[in-house]
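Participant: protein.cif (mmCIF, N, CA and C atoms) pasted underneath:
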data_my_file
#
loop_
_atom_site.group_PDB
_atom_site.id
_atom_site.type_symbol
_atom_site.label_atom_id
_atom_site.label_comp_id
_atom_site.auth_asym_id
_atom_site.auth_seq_id
_atom_site.Cartn_x
_atom_site.Cartn_y
_atom_site.Cartn_z
ATOM 1 N N MET T 11 85.293 117.677 240.924
ATOM 2 C CA MET T 11 86.660 117.179 240.979
ATOM 3 C C MET T 11 87.088 116.759 239.577
ATOM 4 N N ALA T 12 88.223 117.238 239.127
ATOM 5 C CA ALA T 12 88.704 116.975 237.775
ATOM 6 C C ALA T 12 89.287 115.571 237.671
ATOM 7 N N GLU T 13 89.115 114.984 236.507
ATOM 8 C CA GLU T 13 89.698 113.672 236.248
ATOM 9 C C GLU T 13 91.216 113.804 236.134
ATOM 10 N N PRO T 14 91.977 112.841 236.651
ATOM 11 C CA PRO T 14 93.435 112.927 236.509
ATOM 12 C C PRO T 14 93.840 112.706 235.044
ATOM 13 N N SER T 15 94.923 113.327 234.670
ATOM 14 C CA SER T 15 95.411 113.189 233.296
ATOM 15 C C SER T 15 96.072 111.826 233.112
ATOM 16 N N TYR T 16 96.310 111.473 231.875
ATOM 17 C CA TYR T 16 96.960 110.216 231.541
ATOM 18 C C TYR T 16 98.343 110.138 232.181
ATOM 19 N N GLU T 17 99.074 111.230 232.129
ATOM 20 C CA GLU T 17 100.423 111.252 232.705
ATOM 21 C C GLU T 17 100.386 111.072 234.225
ATOM 22 N N GLU T 18 99.395 111.688 234.866
ATOM 23 C CA GLU T 18 99.253 111.531 236.322
ATOM 24 C C GLU T 18 98.918 110.089 236.681
ATOM 25 N N LEU T 19 98.056 109.462 235.892
ATOM 26 C CA LEU T 19 97.713 108.056 236.137
ATOM 27 C C LEU T 19 98.923 107.151 235.935
ATOM 28 N N LYS T 20 99.705 107.423 234.893
ATOM 29 C CA LYS T 20 100.916 106.632 234.653
ATOM 30 C C LYS T 20 101.901 106.769 235.805
ATOM 31 N N ALA T 21 102.066 107.990 236.311
ATOM 32 C CA ALA T 21 102.987 108.235 237.420
ATOM 33 C C ALA T 21 102.515 107.511 238.678
ATOM 34 N N ARG T 22 101.212 107.561 238.933
ATOM 35 C CA ARG T 22 100.657 106.884 240.113
ATOM 36 C C ARG T 22 100.817 105.376 240.000
ATOM 37 N N LEU T 23 100.579 104.835 238.812
ATOM 38 C CA LEU T 23 100.742 103.395 238.591
ATOM 39 C C LEU T 23 102.195 102.977 238.799
ATOM 40 N N ALA T 24 103.128 103.760 238.282
ATOM 41 C CA ALA T 24 104.556 103.457 238.469
ATOM 42 C C ALA T 24 104.923 103.472 239.945
ATOM 43 N N GLU T 25 104.370 104.437 240.678
ATOM 44 C CA GLU T 25 104.639 104.532 242.118
ATOM 45 C C GLU T 25 104.112 103.300 242.860
ATOM 46 N N LEU T 26 102.894 102.878 242.526
ATOM 47 C CA LEU T 26 102.303 101.698 243.168
ATOM 48 C C LEU T 26 103.064 100.426 242.813
ATOM 49 N N GLU T 27 103.485 100.307 241.563
ATOM 50 C CA GLU T 27 104.267 99.135 241.155
ATOM 51 C C GLU T 27 105.594 99.074 241.897
ATOM 52 N N LYS T 28 106.209 100.234 242.139
ATOM 53 C CA LYS T 28 107.467 100.290 242.884
ATOM 54 C C LYS T 28 107.259 99.817 244.324
ATOM 55 N N GLN T 29 106.125 100.224 244.930
ATOM 56 C CA GLN T 29 105.823 99.801 246.302
ATOM 57 C C GLN T 29 105.633 98.294 246.373
ATOM 58 N N VAL T 30 104.906 97.732 245.428
ATOM 59 C CA VAL T 30 104.645 96.292 245.420
ATOM 60 C C VAL T 30 105.929 95.523 245.160
ATOM 61 N N ALA T 31 106.774 96.021 244.278
ATOM 62 C CA ALA T 31 108.032 95.352 243.977
ATOM 63 C C ALA T 31 108.954 95.332 245.183
ATOM 64 N N GLY T 32 108.803 96.307 246.094
ATOM 65 C CA GLY T 32 109.636 96.368 247.289
ATOM 66 C C GLY T 32 109.324 95.268 248.285
ATOM 67 N N ARG T 33 108.124 94.721 248.212
ATOM 68 C CA ARG T 33 107.740 93.636 249.132
ATOM 69 C C ARG T 33 108.241 92.305 248.586
ATOM 70 N N ARG T 34 108.832 91.534 249.450
ATOM 71 C CA ARG T 34 109.272 90.205 249.048
ATOM 72 C C ARG T 34 108.077 89.272 249.039
ATOM 73 N N SER T 35 108.038 88.404 248.058
ATOM 74 C CA SER T 35 106.950 87.422 247.975
ATOM 75 C C SER T 35 107.073 86.453 249.144
ATOM 76 N N GLY T 36 105.976 86.194 249.818
ATOM 77 C CA GLY T 36 105.990 85.283 250.945
ATOM 78 C C GLY T 36 106.381 85.932 252.261
ATOM 79 N N GLU T 37 106.638 87.212 252.237
ATOM 80 C CA GLU T 37 107.008 87.918 253.458
ATOM 81 C C GLU T 37 105.786 88.032 254.370
ATOM 82 N N VAL T 38 105.961 87.754 255.628
ATOM 83 C CA VAL T 38 104.868 87.835 256.593
ATOM 84 C C VAL T 38 104.783 89.267 257.104
ATOM 85 N N GLU T 39 103.551 89.783 257.124
ATOM 86 C CA GLU T 39 103.320 91.159 257.547
ATOM 87 C C GLU T 39 102.156 91.187 258.532
ATOM 88 N N PHE T 40 102.246 92.030 259.552
ATOM 89 C CA PHE T 40 101.213 92.150 260.574
ATOM 90 C C PHE T 40 100.554 93.518 260.476
ATOM 91 N N ARG T 41 99.231 93.535 260.656
ATOM 92 C CA ARG T 41 98.491 94.804 260.661
ATOM 93 C C ARG T 41 97.392 94.730 261.717
ATOM 94 N N VAL T 42 97.083 95.891 262.299
ATOM 95 C CA VAL T 42 95.974 95.998 263.243
ATOM 96 C C VAL T 42 94.811 96.632 262.506
ATOM 97 N N GLY T 43 93.648 95.971 262.542
ATOM 98 C CA GLY T 43 92.466 96.469 261.865
ATOM 99 C C GLY T 43 91.710 97.487 262.693
ATOM 100 N N GLU T 44 90.679 98.066 262.073
ATOM 101 C CA GLU T 44 89.868 99.089 262.734
ATOM 102 C C GLU T 44 89.185 98.567 263.992
ATOM 103 N N LYS T 45 88.821 97.292 263.995
ATOM 104 C CA LYS T 45 88.094 96.719 265.134
ATOM 105 C C LYS T 45 89.025 96.100 266.168
ATOM 106 N N GLY T 46 90.331 96.228 265.968
ATOM 107 C CA GLY T 46 91.288 95.741 266.956
ATOM 108 C C GLY T 46 91.834 94.362 266.694
ATOM 109 N N GLY T 47 91.448 93.744 265.600
ATOM 110 C CA GLY T 47 91.986 92.430 265.259
ATOM 111 C C GLY T 47 93.369 92.564 264.653
ATOM 112 N N VAL T 48 94.214 91.586 264.896
ATOM 113 C CA VAL T 48 95.556 91.567 264.320
ATOM 114 C C VAL T 48 95.547 90.572 263.172
ATOM 115 N N SER T 49 95.896 91.061 261.973
ATOM 116 C CA SER T 49 95.902 90.233 260.774
ATOM 117 C C SER T 49 97.326 89.903 260.380
ATOM 118 N N VAL T 50 97.525 88.668 259.933
ATOM 119 C CA VAL T 50 98.811 88.225 259.416
ATOM 120 C C VAL T 50 98.637 88.009 257.923
ATOM 121 N N TYR T 51 99.419 88.731 257.142
ATOM 122 C CA TYR T 51 99.401 88.614 255.694
ATOM 123 C C TYR T 51 100.631 87.845 255.240
ATOM 124 N N GLY T 52 100.519 87.130 254.135
ATOM 125 C CA GLY T 52 101.662 86.443 253.552
ATOM 126 C C GLY T 52 101.692 84.954 253.805
ATOM 127 N N LEU T 53 100.711 84.421 254.523
ATOM 128 C CA LEU T 53 100.673 82.983 254.767
ATOM 129 C C LEU T 53 99.949 82.248 253.645
ATOM 130 N N GLY T 54 99.003 82.912 253.039
ATOM 131 C CA GLY T 54 98.207 82.317 251.976
ATOM 132 C C GLY T 54 97.478 83.395 251.214
ATOM 133 N N ARG T 55 96.423 82.991 250.548
ATOM 134 C CA ARG T 55 95.679 83.935 249.715
ATOM 135 C C ARG T 55 94.973 85.000 250.549
ATOM 136 N N PHE T 56 94.478 84.617 251.705
ATOM 137 C CA PHE T 56 93.746 85.540 252.570
ATOM 138 C C PHE T 56 94.490 85.720 253.888
ATOM 139 N N PRO T 57 94.311 86.869 254.532
ATOM 140 C CA PRO T 57 94.966 87.074 255.827
ATOM 141 C C PRO T 57 94.298 86.245 256.921
ATOM 142 N N VAL T 58 95.056 85.976 257.965
ATOM 143 C CA VAL T 58 94.542 85.313 259.165
ATOM 144 C C VAL T 58 94.365 86.411 260.204
ATOM 145 N N THR T 59 93.127 86.571 260.710
ATOM 146 C CA THR T 59 92.842 87.640 261.656
ATOM 147 C C THR T 59 92.276 87.068 262.941
ATOM 148 N N LEU T 60 92.907 87.425 264.055
ATOM 149 C CA LEU T 60 92.441 87.046 265.385
ATOM 150 C C LEU T 60 92.570 88.258 266.294
ATOM 151 N N TYR T 61 91.838 88.230 267.394
ATOM 152 C CA TYR T 61 91.960 89.280 268.396
ATOM 153 C C TYR T 61 93.091 88.933 269.363
ATOM 154 N N TYR T 62 93.531 89.913 270.124
ATOM 155 C CA TYR T 62 94.667 89.768 271.032
ATOM 156 C C TYR T 62 94.570 88.503 271.885
ATOM 157 N N GLU T 63 93.433 88.319 272.545
ATOM 158 C CA GLU T 63 93.260 87.164 273.433
ATOM 159 C C GLU T 63 93.386 85.854 272.674
ATOM 160 N N GLN T 64 92.901 85.819 271.447
ATOM 161 C CA GLN T 64 93.001 84.613 270.632
ATOM 162 C C GLN T 64 94.447 84.331 270.243
ATOM 163 N N TRP T 65 95.208 85.386 269.881
ATOM 164 C CA TRP T 65 96.616 85.187 269.551
ATOM 165 C C TRP T 65 97.391 84.661 270.760
ATOM 166 N N ILE T 66 97.091 85.204 271.938
ATOM 167 C CA ILE T 66 97.782 84.749 273.153
ATOM 168 C C ILE T 66 97.472 83.270 273.416
ATOM 169 N N ARG T 67 96.208 82.880 273.304
ATOM 170 C CA ARG T 67 95.833 81.475 273.497
ATOM 171 C C ARG T 67 96.535 80.569 272.496
ATOM 172 N N LEU T 68 96.596 81.018 271.226
ATOM 173 C CA LEU T 68 97.254 80.225 270.191
ATOM 174 C C LEU T 68 98.753 80.104 270.469
ATOM 175 N N LEU T 69 99.387 81.207 270.850
ATOM 176 C CA LEU T 69 100.815 81.166 271.157
ATOM 177 C C LEU T 69 101.104 80.310 272.383
ATOM 178 N N ASP T 70 100.219 80.340 273.376
ATOM 179 C CA ASP T 70 100.389 79.502 274.562
ATOM 180 C C ASP T 70 100.285 78.017 274.216
ATOM 181 N N ALA T 71 99.537 77.705 273.152
ATOM 182 C CA ALA T 71 99.352 76.310 272.743
ATOM 183 C C ALA T 71 100.339 75.903 271.648
ATOM 184 N N SER T 72 101.385 76.683 271.423
ATOM 185 C CA SER T 72 102.292 76.413 270.304
ATOM 186 C C SER T 72 102.997 75.062 270.410
ATOM 187 N N ASP T 73 103.368 74.643 271.625
ATOM 188 C CA ASP T 73 104.025 73.338 271.772
ATOM 189 C C ASP T 73 103.090 72.207 271.377
ATOM 190 N N GLU T 74 101.825 72.285 271.819
ATOM 191 C CA GLU T 74 100.848 71.257 271.461
ATOM 192 C C GLU T 74 100.570 71.270 269.963
ATOM 193 N N LEU T 75 100.524 72.474 269.373
ATOM 194 C CA LEU T 75 100.285 72.584 267.932
ATOM 195 C C LEU T 75 101.426 71.962 267.145
ATOM 196 N N ARG T 76 102.651 72.237 267.551
ATOM 197 C CA ARG T 76 103.809 71.626 266.864
ATOM 198 C C ARG T 76 103.773 70.097 266.971
ATOM 199 N N ALA T 77 103.461 69.583 268.149
ATOM 200 C CA ALA T 77 103.379 68.133 268.329
ATOM 201 C C ALA T 77 102.272 67.542 267.461
ATOM 202 N N PHE T 78 101.118 68.200 267.414
ATOM 203 C CA PHE T 78 100.000 67.750 266.593
ATOM 204 C C PHE T 78 100.389 67.719 265.113
ATOM 205 N N LEU T 79 101.057 68.775 264.657
ATOM 206 C CA LEU T 79 101.477 68.832 263.252
ATOM 207 C C LEU T 79 102.477 67.735 262.921
ATOM 208 N N GLU T 80 103.453 67.515 263.789
ATOM 209 C CA GLU T 80 104.451 66.477 263.543
ATOM 210 C C GLU T 80 103.816 65.092 263.535
ATOM 211 N N GLU T 81 102.887 64.855 264.455
ATOM 212 C CA GLU T 81 102.196 63.572 264.529
ATOM 213 C C GLU T 81 101.415 63.301 263.241
ATOM 214 N N ASN T 82 100.703 64.301 262.767
ATOM 215 C CA ASN T 82 99.900 64.124 261.567
ATOM 216 C C ASN T 82 100.740 64.135 260.298
ATOM 217 N N LYS T 83 101.897 64.787 260.345
ATOM 218 C CA LYS T 83 102.824 64.738 259.216
ATOM 219 C C LYS T 83 103.368 63.327 259.065
ATOM 220 N N ALA T 84 103.692 62.711 260.197
ATOM 221 C CA ALA T 84 104.213 61.340 260.179
ATOM 222 C C ALA T 84 103.165 60.353 259.661
ATOM 223 N N LYS T 85 101.904 60.630 259.925
ATOM 224 C CA LYS T 85 100.819 59.764 259.450
ATOM 225 C C LYS T 85 100.493 60.002 257.985
ATOM 226 N N GLY T 86 101.090 61.038 257.402
ATOM 227 C CA GLY T 86 100.841 61.349 256.001
ATOM 228 C C GLY T 86 99.504 62.014 255.746
ATOM 229 N N LYS T 87 98.933 62.638 256.770
ATOM 230 C CA LYS T 87 97.615 63.249 256.636
ATOM 231 C C LYS T 87 97.664 64.707 256.197
ATOM 232 N N LEU T 88 98.832 65.360 256.278
ATOM 233 C CA LEU T 88 98.936 66.774 255.948
ATOM 234 C C LEU T 88 99.363 66.944 254.505
ATOM 235 N N LYS T 89 98.843 67.990 253.853
ATOM 236 C CA LYS T 89 99.263 68.345 252.513
ATOM 237 C C LYS T 89 100.548 69.159 252.644
ATOM 238 N N LEU T 90 101.637 68.641 252.122
ATOM 239 C CA LEU T 90 102.926 69.298 252.242
ATOM 240 C C LEU T 90 103.397 69.740 250.860
ATOM 241 N N LYS T 91 104.011 70.918 250.793
ATOM 242 C CA LYS T 91 104.560 71.402 249.519
ATOM 243 C C LYS T 91 105.826 70.642 249.210
ATOM 244 N N GLN T 92 105.978 70.275 247.945
ATOM 245 C CA GLN T 92 107.202 69.624 247.494
ATOM 246 C C GLN T 92 108.219 70.696 247.122
ATOM 247 N N LYS T 93 109.432 70.576 247.602
ATOM 248 C CA LYS T 93 110.482 71.565 247.293
ATOM 249 C C LYS T 93 111.326 71.077 246.152
#
As structure tokens - that is how I would like this structure written.

Facilitator:
Amino acid sequence: MAEPSYEELKARLAELEKQVAGRRSGEVEFRVGEKGGVSVYGLGRFPVTLYYEQWIRLLDASDELRAFLEENKAKGKLKLKQK
């Protein structure tokens, strides 16, 4: 297999940079992995990956999670970003 030329590498790099520039920073993106896990990208440095049943359990507990977060926010225990 022949090595790509300098011009081909430059063209490929420009194409990849265009794709990355099209994504908004902080945009949440969902992907299904090879093993069936659903990953959420854009929340932090690493994706959050759970299986279907785990996502359903988490979504079913969303009211309790919101209450827990608000309670601990009021206590000053959560690290919050300053705007």

Participant: I'd like the contact shell of T:Gly47 - 7 Å cut-off, all atoms listed in the file, skipping same-chain residues fewer than 3 positions apart - returned as a count of residues only.

Facilitator: 8

Participant: Need the shell around T:Val50: protein/DNA/RNA residues with any atom at most 5 Å away, counting only N, CA and C atoms. Skip same-chain ones fewer than 3 positions apart. Format as an MDAnalysis selection string?

Facilitator: chainID T and resid 39:40 57:59

Participant: Please produce a file of the residues just selected, as a compact mmCIF listing (two decimals), in the coordinates of the input, where the atoms kept are N, CA and C atoms.

Facilitator:
# COMPACT_ATOMS: atom_id res chain seq x y z
N GLU T 39 103.55 89.78 257.12
CA GLU T 39 103.32 91.16 257.55
C GLU T 39 102.16 91.19 258.53
N PHE T 40 102.25 92.03 259.55
CA PHE T 40 101.21 92.15 260.57
C PHE T 40 100.55 93.52 260.48
N PRO T 57 94.31 86.87 254.53
CA PRO T 57 94.97 87.07 255.83
C PRO T 57 94.30 86.24 256.92
N VAL T 58 95.06 85.98 257.96
CA VAL T 58 94.54 85.31 259.17
C VAL T 58 94.36 86.41 260.20
N THR T 59 93.13 86.57 260.71
CA THR T 59 92.84 87.64 261.66
C THR T 59 92.28 87.07 262.94

Participant: Between atom CA of T:Lys87 and atom CA of T:Leu75, what is the distance, to one decimal in Å?

Facilitator: 14.9 Å

Participant: Between atom CA of T:Lys45 and atom CA of T:Trp65, what is the distance, to one decimal in Å?

Facilitator: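 These atoms are spaced 15.0 Å apart.
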
Participant: Set up a box along x, y and z of the file covering all listed atoms of stretch 41-45 of chain T, add 4 Å on every one of the six sides, and write the centre and edge lengths in Å to one decimal, as lines of an AutoDock Vina configuration file.

Facilitator:
center_x = 93.7
center_y = 96.3
center_z = 263.4
size_x = 19.1
size_y = 13.6
size_z = 13.5

Participant: Could you check which of T:Val48, T:Ala77, T:Lys89, T:Ala24 is closest to T:Glu63, using only C-alpha atoms?

Facilitator: T:Val48

Participant: Tell me, in Å to one decimal, how far atom C of T:Lys91 is from atom C of T:Glu74.

Facilitator: 21.4 Å

Participant: As JSON, numbers by chain, which residues of chain T does DSSP assign to strand (DSSP E or B)?

Facilitator: {"T": [39, 40, 41, 42, 48, 49, 50, 51, 58, 59, 60]}

Participant: Could you give me, as an MDAnalysis selection string, each residue of chain T that DSSP assigns to alpha helix (DSSP H) when run on this structure's backbone?

Facilitator: chainID T and resid 16:32 62:70 72:84
